[in-house]
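Student: Right, I'll just put the structure down here and ask away after.
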Number of protein chains: 2
Amino acid sequence: MGVIADIETPALILDRAKLEANIARMRDRLAGLGVGLRPHVKTAKSIDVVRPVLVGQPGGITVSSVDEAVYFSQHGVNDILYAVGVAPSKLPRLIELSRQGTDISVVLDNSDAANACNRAACAAGVQLPFLIELDVDGHRSGITPESPALLNLAAAVQDMPGVRLKGVMTHAGESYNCRSEPELVAMAEQERSGAVLAAERLRRAGYECPIVSIGSTPTALFANRFDGITEVRAGVYMFMDLVMAGLGVCDISDIALGVVVSVIGHQPEKNLVIADGGWMALSRDRGTANQPIDQGYGLVCDVLGIPFTSDLIVIATNQEHAIIARRDKGPVDPLRFPVGTLLRILPNHACATGAQHGAYHVVNGANPNVEHVWARIAGSSSVHQVTHTHTI
Amino acid sequence: MGVIADIETPALILDRAKLEANIARMRDRLAGLGVGLRPHVKTAKSIDVVRPVLVGQPGGITVSSVDEAVYFSQHGVNDILYAVGVAPSKLPRLIELSRQGTDISVVLDNSDAANACNRAACAAGVQLPFLIELDVDGHRSGITPESPALLNLAAAVQDMPGVRLKGVMTHAGESYNCRSEPELVAMAEQERSGAVLAAERLRRAGYECPIVSIGSTPTALFANRFDGITEVRAGVYMFMDLVMAGLGVCDISDIALGVVVSVIGHQPEKNLVIADGGWMALSRDRGTANQPIDQGYGLVCDVLGIPFTSDLIVIATNQEHAIIARRDKGPVDPLRFPVGTLLRILPNHACATGAQHGAYHVVNGANPNVEHVWARIAGSSSVHQVTHTHTI
């Protein structure tokens, strides 16, 4: 596999020691509170990353795309929750997975989607289990736990033989906007209590609700209890990123994912270093822009992932260029970063940066060796439409 | 290939009629001004898109990644300019292409990069032609045309047998920040005159400078003359996008690229429509944020690409969700956009949105048929590190 110094840049790098520590932290936290994990694999998109996550867990996963569902089922995972409100056009491949024996569940928050699932499932001679998506924080989709629409939807699906109500799920996405530990703890309880309330309302009305699923990395790590919850979903915690560090969910030193780039030039009179990691490699994500510390397009570290005391960030990106400067815009000595110098950029958002790459170069702390190159499925949700390999 | 209505969403869609009109517009413009085109393929990343662009042109292309160089050389293009300041780690694959018979040129703006190229080329027994990158607008990299560093670099490479000075190149990236046609015309002349000045200084000093290469979509389309220029580079013009429309370079109706998404739900009390095109499908690019008209994460059109009179934009994205609202935040009737409704989102930045997908679904105007599915190479610059196909 060679050594880090021989990697063609830009390249995605993953520190196995930090990955394993992040995996252990979540596992121990949830085990201590007596709840199982259904990892969200939208961040990792790689069986090599997810396999150790599943050790000691029930074995199910959460996906955000049909490509993820297909890929992980091909790699032996047979309990998959597709956790994005289902679109009719995705039903053919989801139902094909179901016919092939994968336990696929979908989520929805309206009867139109339920009707579309029912029609497609009946036509295929299968039954599609689903969870009702709840809105506990006004973040995005879902039915509020106390809404009449919850029981109306449960009633509407009773005469739909192609679908089966299996429970409720929610994602407290607003936890990303919390600014203190008390806020995170409160958001976690809001997520838990909302899901439990919806489940109790369904049960009191005579509907079965075996699954009560919640989760986000911040709420999973800051919840004090999971009473009434049957599974927790989280994914970004495996890698962590600058947004999580800005939230106080992790330290910068816990971030396992980075992008290795090469210095290609300088603009000394502007105090700039130019490197070959543009938005194609880092993504355009600016998730720290609204946090107390804006990390630009990423925090610049040495190749081993240690930030510089001069505090360098990527202040701008073009397609294949990173414009690097000191946060204080102070002078940067070009001789300190000669052309060819390798740097590691820590990402704002691990999901977005990972999605720009086709493989992880796996390293272990300060060891210069690249232990493995782990494939990950590409970003596109429609890449399944064609096959094309371009090694060489 | 089926019809648009059967596409699994989200999916990248390309209108062939608009593509061909955009290609013809640039071809005619440059032909009228007597200069050849070296298309930049970083936007298209597909031989099917680029083949018609090369008709009637010298045949060379511009790339921004080694993967593009490898892919296009495999598809018969044998004159390739890799137009990003070269990093030493990229030299092995670039030199391998040279050894295989591809005429590959690199760009650089410093003697350290020249030394790295010289060492690698000499070791491989090849000579690597290069262009000196010029900075005509303070945009990014390069040497200013009037700088002593220009002649110093030309002198420094004279005793480097592994490299050969072939000319100069520049890209007026600041043209993206122009706000009027006169500004665009002036920026085009600034780009042209700067490159010509640098070429003349080199020639007066006794150096050969056969290539004088400039270009960006805005300057290529607004330049009044190309005297002294040997080739123009441009790429985004093939598709156009909302940033180009905001600059006045094209009309919204000229944008050939879009992302087809499905409505998956609503939040009526918030006047929101939820669709399945998140930043994985649209990219995080916010290139119109600083323009007079901020298009959010994209302009929402019907499936044929016609904007709605109610003026809908994507106001927010999550990984796989688009949050759609009226620009004026006014009410949106859910019955107008039932679950399953297909919409076409026009992108802020064609390069960034295209990079999120593995294929183009090619349509032609209002024809409901998908004529072709054209493969494009994926976003990652390091995807060559592994092969993985995931059809099904």
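Chain identifiers are assigned as A, B, and so on, following the order in which chains appear in the structure tokens; residues are numbered from 1 within each chain, and ligands are numbered from 1 in order of appearance.
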I'd like the neighbourhood of A:Tyr360 as a ChimeraX atom specification, where a residue qualifies if any of its atoms comes within 8 Å (using only C-alpha atoms), though same-chain residues fewer than 2 positions away should be ignored.
Tutor: /A:11-14,357-358,362,372-376
Student: Skipping near chain neighbours, those fewer than 5 positions away, what residues fall within 10 Å of A:Ile7 using only C-alpha atoms, listed as a list in words?
Tutor: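 Neighbouring residues, sequence-local ones excluded: Met1, Gly2, Leu12, Ile13, Val260, Val261, Ser262, Leu342, His361 and Val370 of chain A; Ser89, Lys90, Ser382 and Gln385 of chain B.
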Student: Got time to write the residues from that selection, all heavy atoms, as a short mmCIF file (atom, residue, chain, number, x, y, z; two decimals), in the first residue's frame?
Tutor:
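Result file is result13.cif:
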```
data_model
loop_
_atom_site.label_atom_id
_atom_site.label_comp_id
_atom_site.auth_asym_id
_atom_site.auth_seq_id
_atom_site.Cartn_x
_atom_site.Cartn_y
_atom_site.Cartn_z
N MET A 1 0.83 -1.21 0.00
CA MET A 1 0.00 0.00 0.00
C MET A 1 0.86 1.26 0.00
O MET A 1 0.34 2.35 -0.20
CB MET A 1 -0.90 0.01 1.25
CG MET A 1 -1.99 -1.05 1.22
SD MET A 1 -3.25 -0.69 -0.02
CE MET A 1 -3.45 -2.34 -0.71
N GLY A 2 2.15 1.09 0.30
CA GLY A 2 3.03 2.26 0.26
C GLY A 2 2.96 3.12 1.51
O GLY A 2 2.43 2.70 2.55
N LEU A 12 -8.21 11.14 0.11
CA LEU A 12 -8.92 11.03 1.39
C LEU A 12 -8.12 10.11 2.31
O LEU A 12 -7.70 9.02 1.89
CB LEU A 12 -10.31 10.45 1.14
CG LEU A 12 -11.32 10.50 2.29
CD1 LEU A 12 -11.67 11.95 2.66
CD2 LEU A 12 -12.59 9.74 1.90
N ILE A 13 -7.90 10.55 3.54
CA ILE A 13 -7.12 9.76 4.49
C ILE A 13 -7.94 9.52 5.75
O ILE A 13 -8.72 10.37 6.16
CB ILE A 13 -5.78 10.48 4.79
CG1 ILE A 13 -4.80 9.53 5.48
CG2 ILE A 13 -6.00 11.74 5.59
CD1 ILE A 13 -3.37 10.04 5.44
N VAL A 260 -5.40 14.73 2.18
CA VAL A 260 -3.99 15.04 2.00
C VAL A 260 -3.82 15.80 0.69
O VAL A 260 -4.31 15.36 -0.36
CB VAL A 260 -3.13 13.76 1.98
CG1 VAL A 260 -1.66 14.10 1.74
CG2 VAL A 260 -3.27 13.00 3.29
N VAL A 261 -3.18 16.96 0.78
CA VAL A 261 -2.95 17.81 -0.40
C VAL A 261 -1.46 18.13 -0.50
O VAL A 261 -0.71 17.92 0.45
CB VAL A 261 -3.78 19.11 -0.30
CG1 VAL A 261 -5.25 18.80 -0.14
CG2 VAL A 261 -3.28 19.99 0.85
N SER A 262 -1.07 18.63 -1.66
CA SER A 262 0.32 19.05 -1.88
C SER A 262 0.38 20.54 -2.11
O SER A 262 -0.46 21.10 -2.81
CB SER A 262 0.88 18.38 -3.15
OG SER A 262 0.90 16.99 -3.06
N LEU A 342 3.39 17.98 1.84
CA LEU A 342 2.07 17.38 2.05
C LEU A 342 1.43 17.98 3.30
O LEU A 342 2.08 18.13 4.33
CB LEU A 342 2.18 15.86 2.22
CG LEU A 342 2.69 15.08 1.01
CD1 LEU A 342 2.69 13.58 1.32
CD2 LEU A 342 1.84 15.35 -0.22
N HIS A 361 -7.61 6.19 2.22
CA HIS A 361 -6.25 5.71 2.47
C HIS A 361 -6.14 5.59 3.98
O HIS A 361 -6.18 6.61 4.69
CB HIS A 361 -5.22 6.69 1.92
CG HIS A 361 -5.27 6.79 0.43
ND1 HIS A 361 -6.30 7.43 -0.24
CD2 HIS A 361 -4.45 6.30 -0.53
CE1 HIS A 361 -6.09 7.34 -1.55
NE2 HIS A 361 -4.99 6.66 -1.75
N VAL A 370 0.62 3.44 4.68
CA VAL A 370 -0.79 3.34 4.33
C VAL A 370 -1.16 1.87 4.47
O VAL A 370 -0.68 1.03 3.71
CB VAL A 370 -1.05 3.83 2.89
CG1 VAL A 370 -2.51 3.62 2.52
CG2 VAL A 370 -0.66 5.29 2.75
N SER B 89 3.58 14.74 -6.70
CA SER B 89 2.96 13.40 -6.58
C SER B 89 2.16 13.01 -7.82
O SER B 89 1.85 11.84 -8.02
CB SER B 89 2.03 13.36 -5.36
OG SER B 89 0.89 14.17 -5.56
N LYS B 90 1.83 13.97 -8.67
CA LYS B 90 1.05 13.67 -9.88
C LYS B 90 1.95 13.30 -11.06
O LYS B 90 1.47 12.81 -12.08
CB LYS B 90 0.17 14.85 -10.27
CG LYS B 90 -0.90 15.19 -9.23
CD LYS B 90 -1.87 16.21 -9.77
CE LYS B 90 -3.03 16.46 -8.84
NZ LYS B 90 -2.67 17.39 -7.74
N SER B 382 -9.05 10.97 -6.55
CA SER B 382 -8.28 9.80 -6.13
C SER B 382 -9.07 8.52 -6.35
O SER B 382 -8.71 7.47 -5.88
CB SER B 382 -7.93 9.91 -4.64
OG SER B 382 -9.11 9.99 -3.87
N GLN B 385 -7.64 5.19 -7.42
CA GLN B 385 -6.91 4.31 -6.51
C GLN B 385 -7.58 2.94 -6.40
O GLN B 385 -6.95 1.97 -6.01
CB GLN B 385 -6.84 4.94 -5.11
CG GLN B 385 -6.18 6.33 -5.11
CD GLN B 385 -4.67 6.26 -5.14
OE1 GLN B 385 -4.12 5.17 -5.24
NE2 GLN B 385 -4.02 7.40 -5.10
#
```
Student: So what do you get for atom CA of B:Gly287 versus atom CA of B:Leu242, distance-wise?
Tutor: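 The value is 8.2 Å.
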Student: Could you name the residues that touch A:Asn152 at 12 Å or less, counting only C-alpha atoms, but leaving out those on the same chain fewer than 5 positions away, as a PDB file with N, CA, C and O atoms, in the first residue's frame?
Tutor:
```pdb
ATOM      1  N   ASP A 109     -44.166  10.298   5.806  1.00  0.00           N
ATOM      2  CA  ASP A 109     -44.925  11.163   6.716  1.00  0.00           C
ATOM      3  C   ASP A 109     -46.249  11.612   6.106  1.00  0.00           C
ATOM      4  O   ASP A 109     -46.850  12.575   6.566  1.00  0.00           O
ATOM      5  N   ASN A 110     -46.658  10.911   5.033  1.00  0.00           N
ATOM      6  CA  ASN A 110     -47.922  11.301   4.393  1.00  0.00           C
ATOM      7  C   ASN A 110     -48.558  10.112   3.696  1.00  0.00           C
ATOM      8  O   ASN A 110     -47.873   9.146   3.332  1.00  0.00           O
ATOM      9  N   SER A 111     -49.882  10.175   3.491  1.00  0.00           N
ATOM     10  CA  SER A 111     -50.617   9.025   2.938  1.00  0.00           C
ATOM     11  C   SER A 111     -50.368   8.859   1.438  1.00  0.00           C
ATOM     12  O   SER A 111     -50.495   7.753   0.912  1.00  0.00           O
ATOM     13  N   ILE A 132     -43.172   5.811  10.604  1.00  0.00           N
ATOM     14  CA  ILE A 132     -43.691   7.156  10.411  1.00  0.00           C
ATOM     15  C   ILE A 132     -42.602   8.141  10.846  1.00  0.00           C
ATOM     16  O   ILE A 132     -42.068   8.038  11.958  1.00  0.00           O
ATOM     17  N   ILE A 143     -44.110  14.398  10.912  1.00  0.00           N
ATOM     18  CA  ILE A 143     -45.346  14.773  11.593  1.00  0.00           C
ATOM     19  C   ILE A 143     -45.000  15.066  13.051  1.00  0.00           C
ATOM     20  O   ILE A 143     -44.238  14.325  13.669  1.00  0.00           O
ATOM     21  N   GLU A 146     -47.575  15.191  18.577  1.00  0.00           N
ATOM     22  CA  GLU A 146     -48.914  15.413  19.142  1.00  0.00           C
ATOM     23  C   GLU A 146     -49.969  15.677  18.075  1.00  0.00           C
ATOM     24  O   GLU A 146     -51.138  15.895  18.383  1.00  0.00           O
ATOM     25  N   SER A 147     -49.569  15.617  16.787  1.00  0.00           N
ATOM     26  CA  SER A 147     -50.498  15.991  15.730  1.00  0.00           C
ATOM     27  C   SER A 147     -51.542  14.916  15.457  1.00  0.00           C
ATOM     28  O   SER A 147     -51.257  13.723  15.483  1.00  0.00           O
ATOM     29  N   VAL A 157     -53.392   3.608   6.674  1.00  0.00           N
ATOM     30  CA  VAL A 157     -52.617   2.490   6.111  1.00  0.00           C
ATOM     31  C   VAL A 157     -53.172   1.128   6.527  1.00  0.00           C
ATOM     32  O   VAL A 157     -52.689   0.089   6.047  1.00  0.00           O
ATOM     33  N   GLN A 158     -54.165   1.119   7.414  1.00  0.00           N
ATOM     34  CA  GLN A 158     -54.687  -0.166   7.894  1.00  0.00           C
ATOM     35  C   GLN A 158     -55.252  -1.021   6.761  1.00  0.00           C
ATOM     36  O   GLN A 158     -55.158  -2.240   6.785  1.00  0.00           O
ATOM     37  N   ARG A 201     -49.010   7.279  21.766  1.00  0.00           N
ATOM     38  CA  ARG A 201     -50.309   7.662  21.176  1.00  0.00           C
ATOM     39  C   ARG A 201     -50.773   6.580  20.198  1.00  0.00           C
ATOM     40  O   ARG A 201     -51.945   6.203  20.187  1.00  0.00           O
ATOM     41  N   LEU A 202     -49.821   6.054  19.401  1.00  0.00           N
ATOM     42  CA  LEU A 202     -50.191   4.999  18.454  1.00  0.00           C
ATOM     43  C   LEU A 202     -50.670   3.758  19.204  1.00  0.00           C
ATOM     44  O   LEU A 202     -51.699   3.159  18.870  1.00  0.00           O
ATOM     45  N   ALA A 205     -54.015   3.995  20.706  1.00  0.00           N
ATOM     46  CA  ALA A 205     -55.070   3.946  19.678  1.00  0.00           C
ATOM     47  C   ALA A 205     -55.197   2.547  19.077  1.00  0.00           C
ATOM     48  O   ALA A 205     -55.971   2.333  18.148  1.00  0.00           O
ATOM     49  N   TYR A 207     -52.634   0.613  17.725  1.00  0.00           N
ATOM     50  CA  TYR A 207     -51.686   0.242  16.666  1.00  0.00           C
ATOM     51  C   TYR A 207     -50.397  -0.290  17.286  1.00  0.00           C
ATOM     52  O   TYR A 207     -49.957   0.187  18.331  1.00  0.00           O
TER      53      TYR A 207
END
```
Student: Can you pull out every residue within 8 Å of B:Leu247, counting only C-alpha atoms, but drop anything in the same chain fewer than 4 positions away, and send it as a ChimeraX atom specification?
Tutor: /B:176-180,243,291
Student: Return the single residue from B:Ala220, B:Ala155, B:Met187, B:Ile315 that is closest to chain A, with distances computed using only C-alpha atoms.
Tutor: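 Looking at the shortest contact to chain A, the residue is B:Ile315.
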Student: For A:Leu91, find every residue with an atom within 9 Å (counting only C-alpha atoms), except residues of its own chain fewer than 6 positions away, and show them as a list in words.
Tutor: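 The filter keeps Ala116, Cys117, Ala120 and Ala121 of chain A; Glu8 of chain B.
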Student: Any chance you can output those residues with C-alpha atoms as a CSV table (one decimal), in the first residue's frame?
Tutor:
```csv
chain,number,residue,atom,x,y,z
A,116,ALA,CA,-47.4,4.7,-3.7
A,117,CYS,CA,-45.6,2.1,-1.5
A,120,ALA,CA,-45.8,-0.9,-5.9
A,121,ALA,CA,-45.5,-3.5,-3.1
B,8,GLU,CA,-34.8,7.2,-10.5
```
Student: From the set A:Pro39, A:Pro292, A:Pro218, A:Gly228, which residue has the shortest atom-to-atom contact distance to A:Ile23, counting only C-alpha atoms?
Tutor: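 With only C-alpha atoms as the atom set, the closest residue is A:Pro39.
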